[in-house]
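A.B. asks: The structure follows.
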Amino acid sequence: DSVVSIGNGAFSYCESLKNIVLPNGITSIGFCVFQHCRSLKSIVIPDSVTSIDTLAFCFCSSLKSLVIPDGVISIGDGAFSTCESLESFVIPGGVTSIEKMAFSGCNSLKSIVIPDGVTSIGSGAFSGCESLKSIVIPDSVTCIGNRAFEYCFSLKSLVLSKSLTSIGDYAFSGCRSLKSLVISNSVTDIAVGAFLSCTSLSSVVIPDGVTSIG
């Protein structure tokens with residue numbers, strides 16, 4: 001229990017590693033620690049962990065589920081990118097920003113809970129989450145980054161934040177199952193290609209306050 005951190009890349013490319021239990025006392029999971037652990041199916045993360053660094057679990061393609069402790073306040077860029085078997089994820093309430101590419105390529109992800117308190121969703125955060133069917137973006141979110149939900153082919157239900165001011169380039173491009181959309185009154189900027197190739201979209205309400213459509 002004296003271990004407080006795991007160094008960068010410590011178990012990277014351990015492709016036969018199937019299970020791991022992290023000891024109590026660890027506060028951070030470092031850069032690329034479990035990257036490309038393609039056989040990893042089970043990991044126990046202790047309550048002491050507060051941060052998960054960039055690419056920490058990238059390409060852990062056998063990981064179906066994991067429990068993130070409530071004390072985690074930071075999830076880095078691409079932390080769970082291309083976890084192709086990951087089916088559900090609850091983001092802890094202390095997280096205020098979903099960083100770029102955090103869950104990109106998680107093509108089995110069906111359920112994601114974004115807590116109140118998150119203010120921004122980074123570029124490509126959920127791009128290529130092909131199985132994601134619905135998402136509620138809490139009212140604390142003010143901006144959605146470029147390509148944040150690009151190619152979420154199964155996305156049918158989308159509830160946007162009432163505090164949202166900007167929707168980034170290609171943010172929902174290729175969401176071909178999305179049929180209707182109400183854009184929050186607070187939105188002023190809809191960027192280039194924000195809803196490009198949303199081929200099922202038959203109804204959209206654009207508020208009076210929008211000053212720019214890319």
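Residue numbering restarts at 1 for every chain of the structure tokens, chains are lettered A, B, ... in their displayed order, and ligands are numbered from 1 as they appear.
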For Gly193 of chain A, work out the shell of residues within 12 Å, counting only C-alpha atoms and skipping chain neighbours fewer than 4 positions away, then give it as a PyMOL selection string.
C.D. replies: chain A and resi 146-147+150+167-175+197-198+213-214
A.B. asks: What would the file look like if the residues just selected were written as a tab-separated table (two decimals), in the first residue's frame with N, CA and C atoms?
C.D. replies:
chain	number	residue	atom	x	y	z
A	146	ASN	N	-14.83	20.13	-31.69
A	146	ASN	CA	-14.82	19.62	-33.05
A	146	ASN	C	-14.90	18.10	-33.07
A	147	ARG	N	-15.78	17.57	-33.91
A	147	ARG	CA	-15.90	16.12	-34.13
A	147	ARG	C	-16.19	15.33	-32.85
A	150	GLU	N	-18.75	12.69	-33.85
A	150	GLU	CA	-18.70	12.31	-35.26
A	150	GLU	C	-18.79	10.79	-35.41
A	167	ILE	N	-21.21	24.84	-30.91
A	167	ILE	CA	-21.14	23.46	-31.40
A	167	ILE	C	-20.03	23.44	-32.45
A	168	GLY	N	-19.00	22.65	-32.21
A	168	GLY	CA	-17.78	22.69	-33.01
A	168	GLY	C	-17.89	22.08	-34.40
A	169	ASP	N	-16.82	22.22	-35.16
A	169	ASP	CA	-16.74	21.68	-36.51
A	169	ASP	C	-17.06	20.18	-36.52
A	170	TYR	N	-17.99	19.79	-37.38
A	170	TYR	CA	-18.31	18.37	-37.60
A	170	TYR	C	-18.68	17.64	-36.30
A	171	ALA	N	-19.20	18.37	-35.33
A	171	ALA	CA	-19.45	17.81	-34.00
A	171	ALA	C	-20.34	16.56	-34.03
A	172	PHE	N	-21.37	16.58	-34.90
A	172	PHE	CA	-22.29	15.45	-35.00
A	172	PHE	C	-22.33	14.90	-36.43
A	173	SER	N	-21.30	15.14	-37.16
A	173	SER	CA	-21.22	14.67	-38.55
A	173	SER	C	-21.35	13.16	-38.63
A	174	GLY	N	-22.17	12.69	-39.55
A	174	GLY	CA	-22.31	11.25	-39.75
A	174	GLY	C	-23.21	10.56	-38.75
A	175	CYS	N	-23.93	11.33	-37.92
A	175	CYS	CA	-24.90	10.72	-36.99
A	175	CYS	C	-26.17	10.42	-37.78
A	197	SER	N	-24.08	15.07	-43.12
A	197	SER	CA	-24.43	13.66	-43.36
A	197	SER	C	-25.27	13.05	-42.24
A	198	CYS	N	-26.06	13.89	-41.58
A	198	CYS	CA	-27.09	13.36	-40.67
A	198	CYS	C	-28.30	13.06	-41.55
A	213	ILE	N	-23.57	30.19	-38.67
A	213	ILE	CA	-23.68	28.79	-39.06
A	213	ILE	C	-22.62	28.55	-40.13
A	214	GLY	N	-21.68	27.62	-39.82
A	214	GLY	CA	-20.53	27.41	-40.69
A	214	GLY	C	-20.88	26.87	-42.06
A.B. asks: Write out as a ChimeraX atom specification each polymer residue whose atoms come within 6 Å of Cys58 of chain A, counting only C-alpha atoms; drop sequence neighbours fewer than 5 positions from it.
C.D. replies: /A:35,79-82
A.B. asks: Mind giving me the straight-line distance from atom CA of Val21 of chain A to atom CA of Pro46 of chain A in Å, one decimal?
C.D. replies: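 Computed distance, atom CA of Val21 of chain A to atom CA of Pro46 of chain A, equals 8.3 Å.
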A.B. asks: Name the residues in contact with Ser16 of chain A at a cut-off of 10 Å, using only C-alpha atoms, excluding same-chain residues fewer than 3 positions from it; report them as JSON, numbers by chain.
C.D. replies: {"A": [13, 19, 36, 37, 38, 39, 40]}
A.B. asks: So how many Å separate atom CA of Ala191 of chain A and atom CA of Pro115 of chain A, to one decimal?
C.D. replies: 24.9 Å
A.B. asks: Would you mind writing down, as a ChimeraX atom specification, each residue of segment 48-200 of chain A that DSSP on the backbone assigns to strand (DSSP E or B)?
C.D. replies: /A:51-52,74-75,88-90,97-98,111-113,120-121,134-136,143-144,157-159,166-167,180-182,189-190
A.B. asks: Restricting it to N, CA, C and O atoms, dump the selection as a CSV table (one decimal), in the first residue's frame.
C.D. replies:
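Final file, out03.csv:
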chain,number,residue,atom,x,y,z
A,51,SER,N,-6.7,10.7,-10.6
A,51,SER,CA,-6.5,11.1,-12.0
A,51,SER,C,-6.1,9.9,-12.8
A,51,SER,O,-5.4,9.0,-12.4
A,52,ILE,N,-6.6,9.9,-14.1
A,52,ILE,CA,-6.3,8.9,-15.1
A,52,ILE,C,-5.7,9.7,-16.2
A,52,ILE,O,-6.4,10.5,-16.8
A,74,SER,N,-10.0,13.9,-13.0
A,74,SER,CA,-9.3,14.1,-14.2
A,74,SER,C,-9.2,12.9,-15.0
A,74,SER,O,-8.7,11.9,-14.5
A,75,ILE,N,-9.7,12.9,-16.3
A,75,ILE,CA,-9.5,11.8,-17.2
A,75,ILE,C,-8.9,12.4,-18.5
A,75,ILE,O,-9.4,13.3,-19.1
A,88,SER,N,-20.3,0.3,-21.3
A,88,SER,CA,-20.9,1.3,-20.5
A,88,SER,C,-19.8,2.0,-19.7
A,88,SER,O,-18.8,1.4,-19.4
A,89,PHE,N,-20.1,3.3,-19.3
A,89,PHE,CA,-19.2,4.0,-18.5
A,89,PHE,C,-19.9,5.1,-17.8
A,89,PHE,O,-20.7,5.8,-18.4
A,90,VAL,N,-19.6,5.3,-16.5
A,90,VAL,CA,-20.1,6.4,-15.7
A,90,VAL,C,-19.0,7.3,-15.4
A,90,VAL,O,-18.0,6.9,-14.7
A,97,SER,N,-14.2,18.3,-17.2
A,97,SER,CA,-14.0,18.4,-18.6
A,97,SER,C,-13.7,17.0,-19.2
A,97,SER,O,-13.0,16.2,-18.6
A,98,ILE,N,-14.4,16.7,-20.3
A,98,ILE,CA,-14.1,15.5,-21.0
A,98,ILE,C,-13.1,15.8,-22.1
A,98,ILE,O,-13.4,16.5,-23.0
A,111,SER,N,-23.8,3.0,-23.5
A,111,SER,CA,-24.3,3.9,-22.5
A,111,SER,C,-23.1,4.7,-21.9
A,111,SER,O,-22.1,4.2,-21.5
A,112,ILE,N,-23.4,6.0,-21.8
A,112,ILE,CA,-22.4,6.9,-21.1
A,112,ILE,C,-23.2,7.9,-20.3
A,112,ILE,O,-24.2,8.5,-20.7
A,113,VAL,N,-22.7,8.1,-19.0
A,113,VAL,CA,-23.4,9.1,-18.2
A,113,VAL,C,-22.4,10.2,-18.0
A,113,VAL,O,-21.3,10.0,-17.4
A,120,SER,N,-17.2,21.2,-20.5
A,120,SER,CA,-16.8,21.1,-21.9
A,120,SER,C,-16.6,19.7,-22.4
A,120,SER,O,-16.2,18.8,-21.6
A,121,ILE,N,-16.9,19.4,-23.6
A,121,ILE,CA,-16.6,18.1,-24.2
A,121,ILE,C,-15.6,18.3,-25.4
A,121,ILE,O,-15.9,19.0,-26.3
A,134,SER,N,-28.1,7.0,-27.3
A,134,SER,CA,-28.7,8.2,-26.7
A,134,SER,C,-27.7,8.8,-25.8
A,134,SER,O,-26.8,8.2,-25.2
A,135,ILE,N,-27.8,10.1,-25.7
A,135,ILE,CA,-27.0,10.9,-24.8
A,135,ILE,C,-27.7,12.1,-24.3
A,135,ILE,O,-28.4,12.8,-25.0
A,136,VAL,N,-27.5,12.4,-23.0
A,136,VAL,CA,-28.0,13.6,-22.4
A,136,VAL,C,-26.7,14.4,-22.0
A,136,VAL,O,-25.9,14.0,-21.2
A,143,CYS,N,-19.7,24.2,-24.2
A,143,CYS,CA,-19.2,24.0,-25.5
A,143,CYS,C,-18.9,22.5,-25.9
A,143,CYS,O,-18.6,21.7,-25.0
A,144,ILE,N,-19.2,22.2,-27.1
A,144,ILE,CA,-18.9,20.9,-27.7
A,144,ILE,C,-17.9,21.0,-28.7
A,144,ILE,O,-18.1,21.8,-29.7
A,157,SER,N,-31.2,9.6,-30.0
A,157,SER,CA,-31.7,10.6,-29.0
A,157,SER,C,-30.6,11.5,-28.5
A,157,SER,O,-29.6,11.0,-28.0
A,158,LEU,N,-30.8,12.8,-28.6
A,158,LEU,CA,-29.8,13.7,-28.2
A,158,LEU,C,-30.5,14.9,-27.5
A,158,LEU,O,-31.3,15.6,-28.0
A,159,VAL,N,-30.1,15.1,-26.2
A,159,VAL,CA,-30.6,16.2,-25.4
A,159,VAL,C,-29.4,17.1,-25.2
A,159,VAL,O,-28.4,16.7,-24.5
A,166,SER,N,-21.7,27.0,-28.1
A,166,SER,CA,-21.1,26.7,-29.4
A,166,SER,C,-21.0,25.2,-29.6
A,166,SER,O,-20.8,24.4,-28.7
A,167,ILE,N,-21.2,24.8,-30.9
A,167,ILE,CA,-21.1,23.5,-31.4
A,167,ILE,C,-20.0,23.4,-32.5
A,167,ILE,O,-20.1,24.1,-33.5
A,180,SER,N,-34.4,14.1,-35.2
A,180,SER,CA,-34.8,15.4,-34.8
A,180,SER,C,-33.9,16.1,-33.8
A,180,SER,O,-33.2,15.4,-33.1
A,181,LEU,N,-33.9,17.4,-33.7
A,181,LEU,CA,-33.0,18.1,-32.9
A,181,LEU,C,-33.5,19.4,-32.5
A,181,LEU,O,-34.1,20.2,-33.4
A,182,VAL,N,-33.5,19.8,-31.2
A,182,VAL,CA,-33.8,21.1,-30.8
A,182,VAL,C,-32.5,21.7,-30.2
A,182,VAL,O,-31.9,21.2,-29.3
A,189,ASP,N,-23.2,29.9,-32.0
A,189,ASP,CA,-22.3,29.5,-33.0
A,189,ASP,C,-22.5,28.0,-33.4
A,189,ASP,O,-22.3,27.2,-32.5
A,190,ILE,N,-22.8,27.7,-34.6
A,190,ILE,CA,-22.9,26.3,-35.1
A,190,ILE,C,-21.8,26.3,-36.2
A,190,ILE,O,-21.9,26.9,-37.3
A.B. asks: Record the distance separating atom CA of Ala194 of chain A and atom CA of Thr165 of chain A, expressed in Å with one decimal.
C.D. replies: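 Between these atoms lies a distance of 13.5 Å.
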A.B. asks: Using only C-alpha atoms, which residues sit within 10 Å of Leu86 of chain A once same-chain residues fewer than 6 positions away are excluded, as a PyMOL selection string?
C.D. replies: chain A and resi 41+60-66+80+103+106-111
A.B. asks: Skip Gly117 of chain A itself and residues of its chain fewer than 5 positions away, then list as a compact mmCIF listing (two decimals) with C-alpha atoms, in the first residue's frame all residues within 10 Å of it, counting only C-alpha atoms.
C.D. replies:
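Saved result, result-v3.txt, follows:
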# COMPACT_ATOMS: atom_id res chain seq x y z
CA PRO A 92 -17.47 10.54 -11.90
CA GLY A 93 -19.20 13.65 -10.64
CA GLY A 94 -15.96 15.52 -9.94
CA VAL A 95 -14.86 15.55 -13.58
CA THR A 96 -15.36 18.99 -15.14
CA SER A 97 -13.96 18.41 -18.63
CA PRO A 138 -26.05 18.23 -18.91
CA ASP A 139 -26.88 21.91 -18.61
CA SER A 140 -23.43 22.66 -17.20
CA VAL A 141 -21.84 22.06 -20.63
A.B. asks: Which residue out of A:Ile91, A:Glu99, A:Thr188, A:Glu130 has the minimum interatomic distance to Gly145 of chain A when only C-alpha atoms are used?
C.D. replies: A:Glu99
A.B. asks: For Lys156 of chain A, work out the shell of residues within 6 Å, counting only C-alpha atoms and skipping chain neighbours fewer than 3 positions away, then give it as a ChimeraX atom specification.
C.D. replies: /A:133-134,177-178
A.B. asks: Tell me which of A:Thr142, A:Val187, A:Lys179, A:Ile29 sits closest to Val204 of chain A, counting only C-alpha atoms.
C.D. replies: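 Between A:Thr142, A:Val187, A:Lys179, A:Ile29, the residue approaching Val204 of chain A most closely is A:Lys179.
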A.B. asks: Using only C-alpha atoms, which residue out of A:Ser161, A:Ser123, A:Ser202, A:Thr27 lies closest to Ser104 of chain A?
C.D. replies: A:Ser123
